[in-house]
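Worksheet: the structure to be examined is printed underneath.
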Amino acid sequence: MSDSSIIAGLDIGTTGVTEVIARVDDEGEISVLGVGEEPCQGLRRGLIVDVDSVASSIRTANKRATRMAGVNVRSVFVGVPVIRISSAKSRGMTATSGDDWRVTAFDVKQALDAARILAIPPDREIISVLPTEYIVDGLGGIQDPEGMTGIRLEVNAKVISGQAAILENIAESVERAGLSIEGRILEPIAVAKAALSDEQIHRGVMLVDIGGQITQVVIFYEGAPIQFLWVPVGGMHVTNDISIGMKVSFEEAEAIKQKNSSIQNSSGNKDEFITDIINARLQEVLELIESETREVRNSGFVPCGVVFAGFGSLAPCIPQLASEILDLPVKIGESRPVRAAKGIEPGSLSQVALGITRHVAEDSGFMFERESQPSAFKGILSEIRGWFDEFLRDFF
Ligand SMILES: Nc1ncnc2c1ncn2[C@@H]1O[C@H](COP(=O)(O)OP(=O)(O)OP(=O)(O)O)[C@@H](O)[C@H]1O
Ligand SMILES: [Mg+2]
């Protein structure tokens with residue numbers, strides 16, 4: 001069965017691959033139908049270094065998720081780390097197409113597509129176009145223009161591009177697993193959809209995702225991301241430090257680390273030596289984040305504080321260390337409630353994979369494109385677009 005209300009989100013992480021399959025209803029609400037997880041060893045510091053190994057993990061995760069969901073999935077929306085991304089401001093404009101002068105999902109997509117037409121160097125590719133505000137007939141500051149009345153729709157957007165080689169490895173891994181990529185979503189944007197409230201995103205919040213080998217940060221203000229940051233350090237470095245400090249294997253060190261988390265969380269009893277090792281590494285990461293985000297924090301853009309995500313954030317020292325170093329209120333971000341099939345525990349899922357499904361479900365542009373275009377036409381359109389990209393590259 002293939003159906004336009006099914007969305008598959010794929011998280012290719014340093015420690016494992018997770019695929020989440022969800023169904024979106026008419027209100028844009030998602031229900032998780034299936035999940036597939038599989039360890040993965042083909043990444044270093046957040047980047048794919050072994051395409052075959054990653055492809056094999058994706059294939060297994062996809063098999064598990066589709067079996068559980070009882071649906072066939074041929075294309076996925078994939079998370080992309082914020083490593084070596086760059087951002088350029090752009091503006092797109094379109095005339096509204098509806099008979100009653102109301103802005104439709106199609107118009108929003110047209111405006112965003114217009115903002116996407118931008119000259120970028122040949123070794124870079126556009127990952128996403130993130131709207132900062134919409135303007136309807138000259139009236140700005142609008143975040144959701146659909147349904148508003150007007151004849152001219154403009155969008156101010158940030159066009160995020162990434163290194164072509166990094167994106168190519170992601171594409172190749174997904175394709176070798178027998179799937180195609182329907183869209184790319186920056187990982188912290190996906191995590192935000194899973195773990196943050198709309199109010200936090202609007203008022204101003206910092207999100208820190210501590211993974212296996214990288215930590216990714218995004219700061220939102222007035223509904224849009226204003227800063228991205230990544231640090232090539234994560235939970236595996238903490239484990240490595242324990243392994244060296246205590247002269248034990250990596251596996252033993254990982255077990256010691258996780259046991260330390262659960263002991264501290266339950267009884268407050270701690271082993272000082274292990275705690276010192278863990279704290280030292282996380283302190284280093286947090287201090288880097290502190291210096292890189294100082295300007296934005298000092299400008300008062302983060303009233304809702306910092307929210308931690310990613311399984312590397314389960315280290316029990318995080319709340320205290322982070323509130324001291326960043327001087328902000330700290331929360332460990334639990335996933336927002338979501339409907340899920342029996343046996344699925346949404347709180348324990350990859351927030352990247354889960355967040356991707358919610359992001360796509362709420363993005364009327366994606367849903368519009370899917371519903372309105374037969375797949376053969378989609379192929380032609382992407383070929384034309386590909387040619388157009390080439391043209392732009394040659395030209396500029
Ligand atoms: N209970 C725990 N206490 C401390 N750390 C934990 C705990 N459980 C998992 N971790 C750590 O979380 C890290 C993995 O996090 P996560 O699954 O978010 O990473 P990933 O998405 O695979 O990697 P990346 O985002 O770097 O590509 C591992 O280093 C692991 O040791
Ligand atoms: Mg991750």
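Order determines the names: the first chain of the structure tokens is A, the second B, and so forth; residues in each chain are numbered 1 upward, and ligands are numbered 1 upward as they are shown.
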I'd like the neighbourhood of Gly245 of chain A as a list in words, where a residue qualifies if any of its atoms comes within 10 Å (using only C-alpha atoms), though same-chain residues fewer than 3 positions away should be ignored.
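Final neighbour list, sorted by chain and number: Thr239, Asn240, Asp241, Ile242, Val248, Ala253, Phe273, Ile274 and Ile277 of chain A.
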Could you pull out the residues sitting within 7 Å of ligand 2, using only C-alpha atoms and all ligand atoms, and write them as a list in words?
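With only C-alpha atoms and all ligand atoms and a cut-off of 7 Å, ligand 2 is contacted by Gly13, Thr14, Gly211, Gly212, Gly310 and Val352 of chain A.
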For the residues selected in the previous step, produce a file with all heavy atoms as a PDB file, in the first residue's frame.
```
ATOM      1  N   GLY A  13      22.076   8.498  12.489  1.00  0.00           N
ATOM      2  CA  GLY A  13      22.905   9.007  13.581  1.00  0.00           C
ATOM      3  C   GLY A  13      24.202   8.232  13.720  1.00  0.00           C
ATOM      4  O   GLY A  13      24.361   7.162  13.131  1.00  0.00           O
ATOM      5  N   THR A  14      25.118   8.777  14.501  1.00  0.00           N
ATOM      6  CA  THR A  14      26.422   8.126  14.676  1.00  0.00           C
ATOM      7  C   THR A  14      26.292   6.778  15.383  1.00  0.00           C
ATOM      8  O   THR A  14      27.088   5.874  15.159  1.00  0.00           O
ATOM      9  CB  THR A  14      27.360   9.011  15.522  1.00  0.00           C
ATOM     10  OG1 THR A  14      27.295  10.328  15.030  1.00  0.00           O
ATOM     11  CG2 THR A  14      28.778   8.537  15.442  1.00  0.00           C
ATOM     12  N   GLY A 211      24.398  14.164  20.693  1.00  0.00           N
ATOM     13  CA  GLY A 211      24.300  12.830  20.109  1.00  0.00           C
ATOM     14  C   GLY A 211      25.495  11.979  20.504  1.00  0.00           C
ATOM     15  O   GLY A 211      26.079  12.141  21.573  1.00  0.00           O
ATOM     16  N   GLY A 212      25.856  11.061  19.616  1.00  0.00           N
ATOM     17  CA  GLY A 212      26.979  10.169  19.882  1.00  0.00           C
ATOM     18  C   GLY A 212      28.313  10.872  19.660  1.00  0.00           C
ATOM     19  O   GLY A 212      29.205  10.818  20.508  1.00  0.00           O
ATOM     20  N   GLY A 310      18.528  14.605  22.514  1.00  0.00           N
ATOM     21  CA  GLY A 310      19.562  13.632  22.132  1.00  0.00           C
ATOM     22  C   GLY A 310      19.905  12.785  23.346  1.00  0.00           C
ATOM     23  O   GLY A 310      19.868  13.257  24.485  1.00  0.00           O
ATOM     24  N   VAL A 352      14.766  13.152  16.144  1.00  0.00           N
ATOM     25  CA  VAL A 352      14.976  13.595  14.757  1.00  0.00           C
ATOM     26  C   VAL A 352      13.930  12.924  13.870  1.00  0.00           C
ATOM     27  O   VAL A 352      13.173  13.591  13.146  1.00  0.00           O
ATOM     28  CB  VAL A 352      16.404  13.255  14.262  1.00  0.00           C
ATOM     29  CG1 VAL A 352      16.537  13.532  12.772  1.00  0.00           C
ATOM     30  CG2 VAL A 352      17.455  14.046  15.034  1.00  0.00           C
TER      31      VAL A 352
END
```
Near ligand 1, 7 Å: chain A residue rows, closest pairs, only C-alpha atoms and all ligand atoms, as JSON lines:
```
{"residue": "A:Ile12", "atom": "CA", "partner": "ligand 1", "partner_atom_place_in_ligand_line": "27 (O)", "distance": 6.7}
{"residue": "A:Gly13", "atom": "CA", "partner": "ligand 1", "partner_atom_place_in_ligand_line": "27 (O)", "distance": 3.5}
{"residue": "A:Thr14", "atom": "CA", "partner": "ligand 1", "partner_atom_place_in_ligand_line": "27 (O)", "distance": 3.7}
{"residue": "A:Thr15", "atom": "CA", "partner": "ligand 1", "partner_atom_place_in_ligand_line": "22 (O)", "distance": 3.5}
{"residue": "A:Gly16", "atom": "CA", "partner": "ligand 1", "partner_atom_place_in_ligand_line": "22 (O)", "distance": 4.7}
{"residue": "A:Arg45", "atom": "CA", "partner": "ligand 1", "partner_atom_place_in_ligand_line": "26 (O)", "distance": 6.5}
{"residue": "A:Gly46", "atom": "CA", "partner": "ligand 1", "partner_atom_place_in_ligand_line": "27 (O)", "distance": 4.4}
{"residue": "A:Ile210", "atom": "CA", "partner": "ligand 1", "partner_atom_place_in_ligand_line": "18 (O)", "distance": 6.1}
{"residue": "A:Gly211", "atom": "CA", "partner": "ligand 1", "partner_atom_place_in_ligand_line": "19 (O)", "distance": 3.4}
{"residue": "A:Gly212", "atom": "CA", "partner": "ligand 1", "partner_atom_place_in_ligand_line": "26 (O)", "distance": 3.7}
{"residue": "A:Gln213", "atom": "CA", "partner": "ligand 1", "partner_atom_place_in_ligand_line": "26 (O)", "distance": 3.9}
{"residue": "A:Ile214", "atom": "CA", "partner": "ligand 1", "partner_atom_place_in_ligand_line": "26 (O)", "distance": 4.1}
{"residue": "A:Thr215", "atom": "CA", "partner": "ligand 1", "partner_atom_place_in_ligand_line": "26 (O)", "distance": 6.5}
{"residue": "A:Gly234", "atom": "CA", "partner": "ligand 1", "partner_atom_place_in_ligand_line": "26 (O)", "distance": 6.0}
{"residue": "A:Gly235", "atom": "CA", "partner": "ligand 1", "partner_atom_place_in_ligand_line": "29 (O)", "distance": 3.2}
{"residue": "A:Met236", "atom": "CA", "partner": "ligand 1", "partner_atom_place_in_ligand_line": "29 (O)", "distance": 4.0}
{"residue": "A:Thr239", "atom": "CA", "partner": "ligand 1", "partner_atom_place_in_ligand_line": "31 (O)", "distance": 6.5}
{"residue": "A:Glu254", "atom": "CA", "partner": "ligand 1", "partner_atom_place_in_ligand_line": "31 (O)", "distance": 5.9}
{"residue": "A:Lys257", "atom": "CA", "partner": "ligand 1", "partner_atom_place_in_ligand_line": "4 (C)", "distance": 6.0}
{"residue": "A:Gln258", "atom": "CA", "partner": "ligand 1", "partner_atom_place_in_ligand_line": "3 (N)", "distance": 4.4}
{"residue": "A:Ser261", "atom": "CA", "partner": "ligand 1", "partner_atom_place_in_ligand_line": "3 (N)", "distance": 5.0}
{"residue": "A:Ser262", "atom": "CA", "partner": "ligand 1", "partner_atom_place_in_ligand_line": "1 (N)", "distance": 6.7}
{"residue": "A:Gly310", "atom": "CA", "partner": "ligand 1", "partner_atom_place_in_ligand_line": "18 (O)", "distance": 3.6}
{"residue": "A:Phe311", "atom": "CA", "partner": "ligand 1", "partner_atom_place_in_ligand_line": "12 (O)", "distance": 3.8}
{"residue": "A:Gly312", "atom": "CA", "partner": "ligand 1", "partner_atom_place_in_ligand_line": "12 (O)", "distance": 3.5}
{"residue": "A:Ser313", "atom": "CA", "partner": "ligand 1", "partner_atom_place_in_ligand_line": "5 (N)", "distance": 6.4}
{"residue": "A:Leu314", "atom": "CA", "partner": "ligand 1", "partner_atom_place_in_ligand_line": "3 (N)", "distance": 4.4}
{"residue": "A:Ala315", "atom": "CA", "partner": "ligand 1", "partner_atom_place_in_ligand_line": "4 (C)", "distance": 4.3}
{"residue": "A:Ser350", "atom": "CA", "partner": "ligand 1", "partner_atom_place_in_ligand_line": "18 (O)", "distance": 6.9}
```
When you look at Thr132 of chain A with a cut-off of 10 Å (counting only C-alpha atoms), what residues show up, excluding the ones that are within fewer than 6 positions of it in the same chain? I need them as JSON, numbers by chain.
{"A": [89, 90, 91, 141, 142, 143, 155, 156, 157, 158, 221, 222, 223, 224, 225, 226]}
With only C-alpha atoms as the atoms that count, which of A:Ser173, A:Phe250, A:Arg102, A:Gly92 lies nearest to Ser57 of chain A?
A:Ser173
In segment 269-331 of chain A, what's strand (DSSP E or B) per DSSP? Answer as a PyMOL selection string?
chain A and resi 306-309+330-331
Just-selected residues, N, CA and C atoms written as an mmCIF file, in the first residue's frame:
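Contents of part-v5.cif, as written:
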```
data_model
loop_
_atom_site.group_PDB
_atom_site.id
_atom_site.type_symbol
_atom_site.label_atom_id
_atom_site.label_comp_id
_atom_site.auth_asym_id
_atom_site.auth_seq_id
_atom_site.Cartn_x
_atom_site.Cartn_y
_atom_site.Cartn_z
ATOM 1 N N VAL A 306 17.234 27.031 27.823
ATOM 2 C CA VAL A 306 17.835 26.013 26.959
ATOM 3 C C VAL A 306 17.165 24.666 27.210
ATOM 4 N N VAL A 307 16.871 23.981 26.108
ATOM 5 C CA VAL A 307 16.246 22.659 26.189
ATOM 6 C C VAL A 307 17.225 21.646 25.601
ATOM 7 N N PHE A 308 17.467 20.570 26.348
ATOM 8 C CA PHE A 308 18.405 19.548 25.877
ATOM 9 C C PHE A 308 17.666 18.378 25.254
ATOM 10 N N ALA A 309 18.250 17.839 24.168
ATOM 11 C CA ALA A 309 17.691 16.659 23.509
ATOM 12 C C ALA A 309 18.849 15.741 23.125
ATOM 13 N N VAL A 330 17.185 25.639 32.494
ATOM 14 C CA VAL A 330 17.473 24.442 31.693
ATOM 15 C C VAL A 330 16.348 23.423 31.819
ATOM 16 N N LYS A 331 16.000 22.816 30.680
ATOM 17 C CA LYS A 331 15.032 21.709 30.696
ATOM 18 C C LYS A 331 15.595 20.568 29.875
#
```
Within 6 Å of Glu125 of chain A, counting only C-alpha atoms, which residues show up once you throw out same-chain ones fewer than 4 positions away? Write them as an MDAnalysis selection string, please.
chainID A and resid 161:162 164
Could you write out that same residue set with N, CA, C and O atoms as a PDB file, in the first residue's frame?
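Dumped everything to again-v6.pdb:
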```pdb
ATOM      1  N   SER A 161      22.353  26.094   2.740  1.00  0.00           N
ATOM      2  CA  SER A 161      23.026  25.164   1.830  1.00  0.00           C
ATOM      3  C   SER A 161      24.053  24.344   2.600  1.00  0.00           C
ATOM      4  O   SER A 161      24.516  24.744   3.666  1.00  0.00           O
ATOM      5  N   GLY A 162      24.359  23.179   2.039  1.00  0.00           N
ATOM      6  CA  GLY A 162      25.337  22.293   2.670  1.00  0.00           C
ATOM      7  C   GLY A 162      26.360  21.841   1.649  1.00  0.00           C
ATOM      8  O   GLY A 162      26.209  22.100   0.449  1.00  0.00           O
ATOM      9  N   ALA A 164      28.051  19.686  -0.955  1.00  0.00           N
ATOM     10  CA  ALA A 164      27.479  18.691  -1.869  1.00  0.00           C
ATOM     11  C   ALA A 164      27.966  17.282  -1.535  1.00  0.00           C
ATOM     12  O   ALA A 164      27.192  16.323  -1.582  1.00  0.00           O
TER      13      ALA A 164
END
```
State, in Å with one decimal place, the distance from atom CA of Met367 of chain A to atom CA of Val159 of chain A.
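Atom-to-atom, atom CA of Met367 of chain A and atom CA of Val159 of chain A are spaced 20.4 Å apart.
Between atom CA of Val217 of chain A and atom CA of Cys40 of chain A there is a distance of 22.7 Å.
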Considering only C-alpha atoms, can you say which of A:Asp123, A:Glu187, A:Glu324, A:Glu362 comes closest to Gln163 of chain A?
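Of the candidates, the smallest distance to Gln163 of chain A is held by A:Asp123.
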Enumerate the residues of segment 265-390 of chain A with a DSSP assignment of helix (DSSP H, G or I), computed from the backbone, and present them as a VMD selection string.
chain A and resid 265 to 266 272 to 298 311 to 314 318 to 326 346 to 348 351 to 362 364 to 372 375 to 390
By how many Å are atom CA of Glu37 of chain A and atom CA of Val17 of chain A apart?
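Taking atom CA of Glu37 of chain A and atom CA of Val17 of chain A, their separation equals 5.7 Å.
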Identify, on the basis of only C-alpha atoms, every residue whose closest approach to Glu371 of chain A does not exceed 12 Å; exclude the query and any residue fewer than 6 positions from it along the same chain; express the result as an NGL selection string.
:A and (3-6 or 105-106 or 364-365 or 377-378)
Writing out the chosen residues with N, CA and C atoms as a short mmCIF file (atom, residue, chain, number, x, y, z; two decimals), in the first residue's frame:
```
data_model
loop_
_atom_site.label_atom_id
_atom_site.label_comp_id
_atom_site.auth_asym_id
_atom_site.auth_seq_id
_atom_site.Cartn_x
_atom_site.Cartn_y
_atom_site.Cartn_z
N ASP A 3 0.47 5.53 0.05
CA ASP A 3 -0.64 6.43 0.29
C ASP A 3 -0.07 7.78 0.68
N SER A 4 -0.72 8.85 0.18
CA SER A 4 -0.11 10.17 0.35
C SER A 4 -0.20 10.68 1.79
N SER A 5 -0.90 9.96 2.68
CA SER A 5 -0.94 10.43 4.07
C SER A 5 0.14 9.77 4.92
N ILE A 6 0.99 8.94 4.29
CA ILE A 6 2.06 8.27 5.05
C ILE A 6 3.36 9.06 4.92
N ALA A 105 -1.99 26.97 -0.05
CA ALA A 105 -0.74 26.22 0.17
C ALA A 105 0.12 26.28 -1.09
N PHE A 106 -0.54 26.27 -2.26
CA PHE A 106 0.18 26.34 -3.52
C PHE A 106 0.96 27.66 -3.63
N SER A 364 2.40 22.51 4.72
CA SER A 364 1.40 22.29 3.69
C SER A 364 2.01 22.24 2.29
N GLY A 365 3.18 22.86 2.13
CA GLY A 365 3.86 22.83 0.82
C GLY A 365 4.21 21.41 0.41
N PHE A 377 5.16 12.91 -13.09
CA PHE A 377 5.36 14.33 -13.28
C PHE A 377 6.42 14.86 -12.32
N LYS A 378 6.39 14.30 -11.10
CA LYS A 378 7.38 14.69 -10.10
C LYS A 378 8.80 14.48 -10.63
#
```
Residues within 7 Å of segment 177-181 of chain A, please, as a ChimeraX atom specification. Count only C-alpha atoms; anything in the same chain fewer than 6 positions from it doesn't count.
/A:55-56,58-59,74-78,171
From the options A:Phe220, A:Trp101, A:Phe368, A:Phe301, which residue's atoms come nearest to Leu130 of chain A, counting only C-alpha atoms?
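Counting only C-alpha atoms, the residue closest to Leu130 of chain A is A:Phe220.
Counting only C-alpha atoms, Thr104 of chain A has the following residues at most 10 Å away, ignoring those fewer than 4 positions along the same chain: A:Thr96, A:Ser97, A:Gly98, A:Val108, A:Lys109, A:Gln110, A:Pro145, A:Glu146, A:Gly147, A:Met148, A:Thr149, A:Ser364, A:Gly365, A:Phe368.
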Using N, CA, C and O atoms, can you write the selected residues to a file as a PDB file, in the first residue's frame?
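Output contents, as saved in selection.pdb:
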```
ATOM      1  N   THR A  96      -1.162  35.652  -5.813  1.00  0.00           N
ATOM      2  CA  THR A  96      -2.022  34.585  -5.286  1.00  0.00           C
ATOM      3  C   THR A  96      -2.886  34.027  -6.411  1.00  0.00           C
ATOM      4  O   THR A  96      -3.277  34.759  -7.323  1.00  0.00           O
ATOM      5  N   SER A  97      -3.175  32.727  -6.302  1.00  0.00           N
ATOM      6  CA  SER A  97      -3.816  32.052  -7.429  1.00  0.00           C
ATOM      7  C   SER A  97      -5.297  31.766  -7.222  1.00  0.00           C
ATOM      8  O   SER A  97      -6.001  31.457  -8.159  1.00  0.00           O
ATOM      9  N   GLY A  98      -5.773  31.859  -5.973  1.00  0.00           N
ATOM     10  CA  GLY A  98      -7.168  31.475  -5.691  1.00  0.00           C
ATOM     11  C   GLY A  98      -8.170  32.470  -6.274  1.00  0.00           C
ATOM     12  O   GLY A  98      -7.865  33.655  -6.426  1.00  0.00           O
ATOM     13  N   VAL A 108       2.036  29.564  -1.184  1.00  0.00           N
ATOM     14  CA  VAL A 108       3.153  29.559  -0.229  1.00  0.00           C
ATOM     15  C   VAL A 108       4.329  28.808  -0.837  1.00  0.00           C
ATOM     16  O   VAL A 108       5.481  29.246  -0.789  1.00  0.00           O
ATOM     17  N   LYS A 109       4.010  27.691  -1.463  1.00  0.00           N
ATOM     18  CA  LYS A 109       5.062  26.885  -2.072  1.00  0.00           C
ATOM     19  C   LYS A 109       5.726  27.638  -3.227  1.00  0.00           C
ATOM     20  O   LYS A 109       6.944  27.605  -3.397  1.00  0.00           O
ATOM     21  N   GLN A 110       4.898  28.331  -4.015  1.00  0.00           N
ATOM     22  CA  GLN A 110       5.433  29.112  -5.128  1.00  0.00           C
ATOM     23  C   GLN A 110       6.402  30.191  -4.631  1.00  0.00           C
ATOM     24  O   GLN A 110       7.462  30.399  -5.202  1.00  0.00           O
ATOM     25  N   PRO A 145       0.604  32.479   6.386  1.00  0.00           N
ATOM     26  CA  PRO A 145      -0.258  33.338   5.554  1.00  0.00           C
ATOM     27  C   PRO A 145      -1.448  32.621   4.931  1.00  0.00           C
ATOM     28  O   PRO A 145      -2.335  33.281   4.377  1.00  0.00           O
ATOM     29  N   GLU A 146      -1.479  31.285   5.011  1.00  0.00           N
ATOM     30  CA  GLU A 146      -2.548  30.545   4.334  1.00  0.00           C
ATOM     31  C   GLU A 146      -3.923  30.985   4.807  1.00  0.00           C
ATOM     32  O   GLU A 146      -4.165  31.102   6.011  1.00  0.00           O
ATOM     33  N   GLY A 147      -4.803  31.265   3.856  1.00  0.00           N
ATOM     34  CA  GLY A 147      -6.165  31.670   4.210  1.00  0.00           C
ATOM     35  C   GLY A 147      -6.309  33.183   4.310  1.00  0.00           C
ATOM     36  O   GLY A 147      -7.420  33.704   4.360  1.00  0.00           O
ATOM     37  N   MET A 148      -5.172  33.918   4.329  1.00  0.00           N
ATOM     38  CA  MET A 148      -5.277  35.382   4.396  1.00  0.00           C
ATOM     39  C   MET A 148      -5.665  35.930   3.022  1.00  0.00           C
ATOM     40  O   MET A 148      -5.450  35.293   2.003  1.00  0.00           O
ATOM     41  N   THR A 149      -6.234  37.130   3.010  1.00  0.00           N
ATOM     42  CA  THR A 149      -6.668  37.713   1.749  1.00  0.00           C
ATOM     43  C   THR A 149      -5.597  38.648   1.202  1.00  0.00           C
ATOM     44  O   THR A 149      -5.028  39.448   1.945  1.00  0.00           O
ATOM     45  N   SER A 364       2.403  22.507   4.717  1.00  0.00           N
ATOM     46  CA  SER A 364       1.395  22.287   3.685  1.00  0.00           C
ATOM     47  C   SER A 364       2.013  22.238   2.291  1.00  0.00           C
ATOM     48  O   SER A 364       1.470  21.628   1.390  1.00  0.00           O
ATOM     49  N   GLY A 365       3.185  22.857   2.126  1.00  0.00           N
ATOM     50  CA  GLY A 365       3.857  22.834   0.824  1.00  0.00           C
ATOM     51  C   GLY A 365       4.205  21.407   0.415  1.00  0.00           C
ATOM     52  O   GLY A 365       3.921  20.960  -0.690  1.00  0.00           O
ATOM     53  N   PHE A 368       1.057  19.468  -0.182  1.00  0.00           N
ATOM     54  CA  PHE A 368       0.422  19.916  -1.418  1.00  0.00           C
ATOM     55  C   PHE A 368       1.103  19.261  -2.624  1.00  0.00           C
ATOM     56  O   PHE A 368       0.467  18.728  -3.509  1.00  0.00           O
TER      57      PHE A 368
END
```
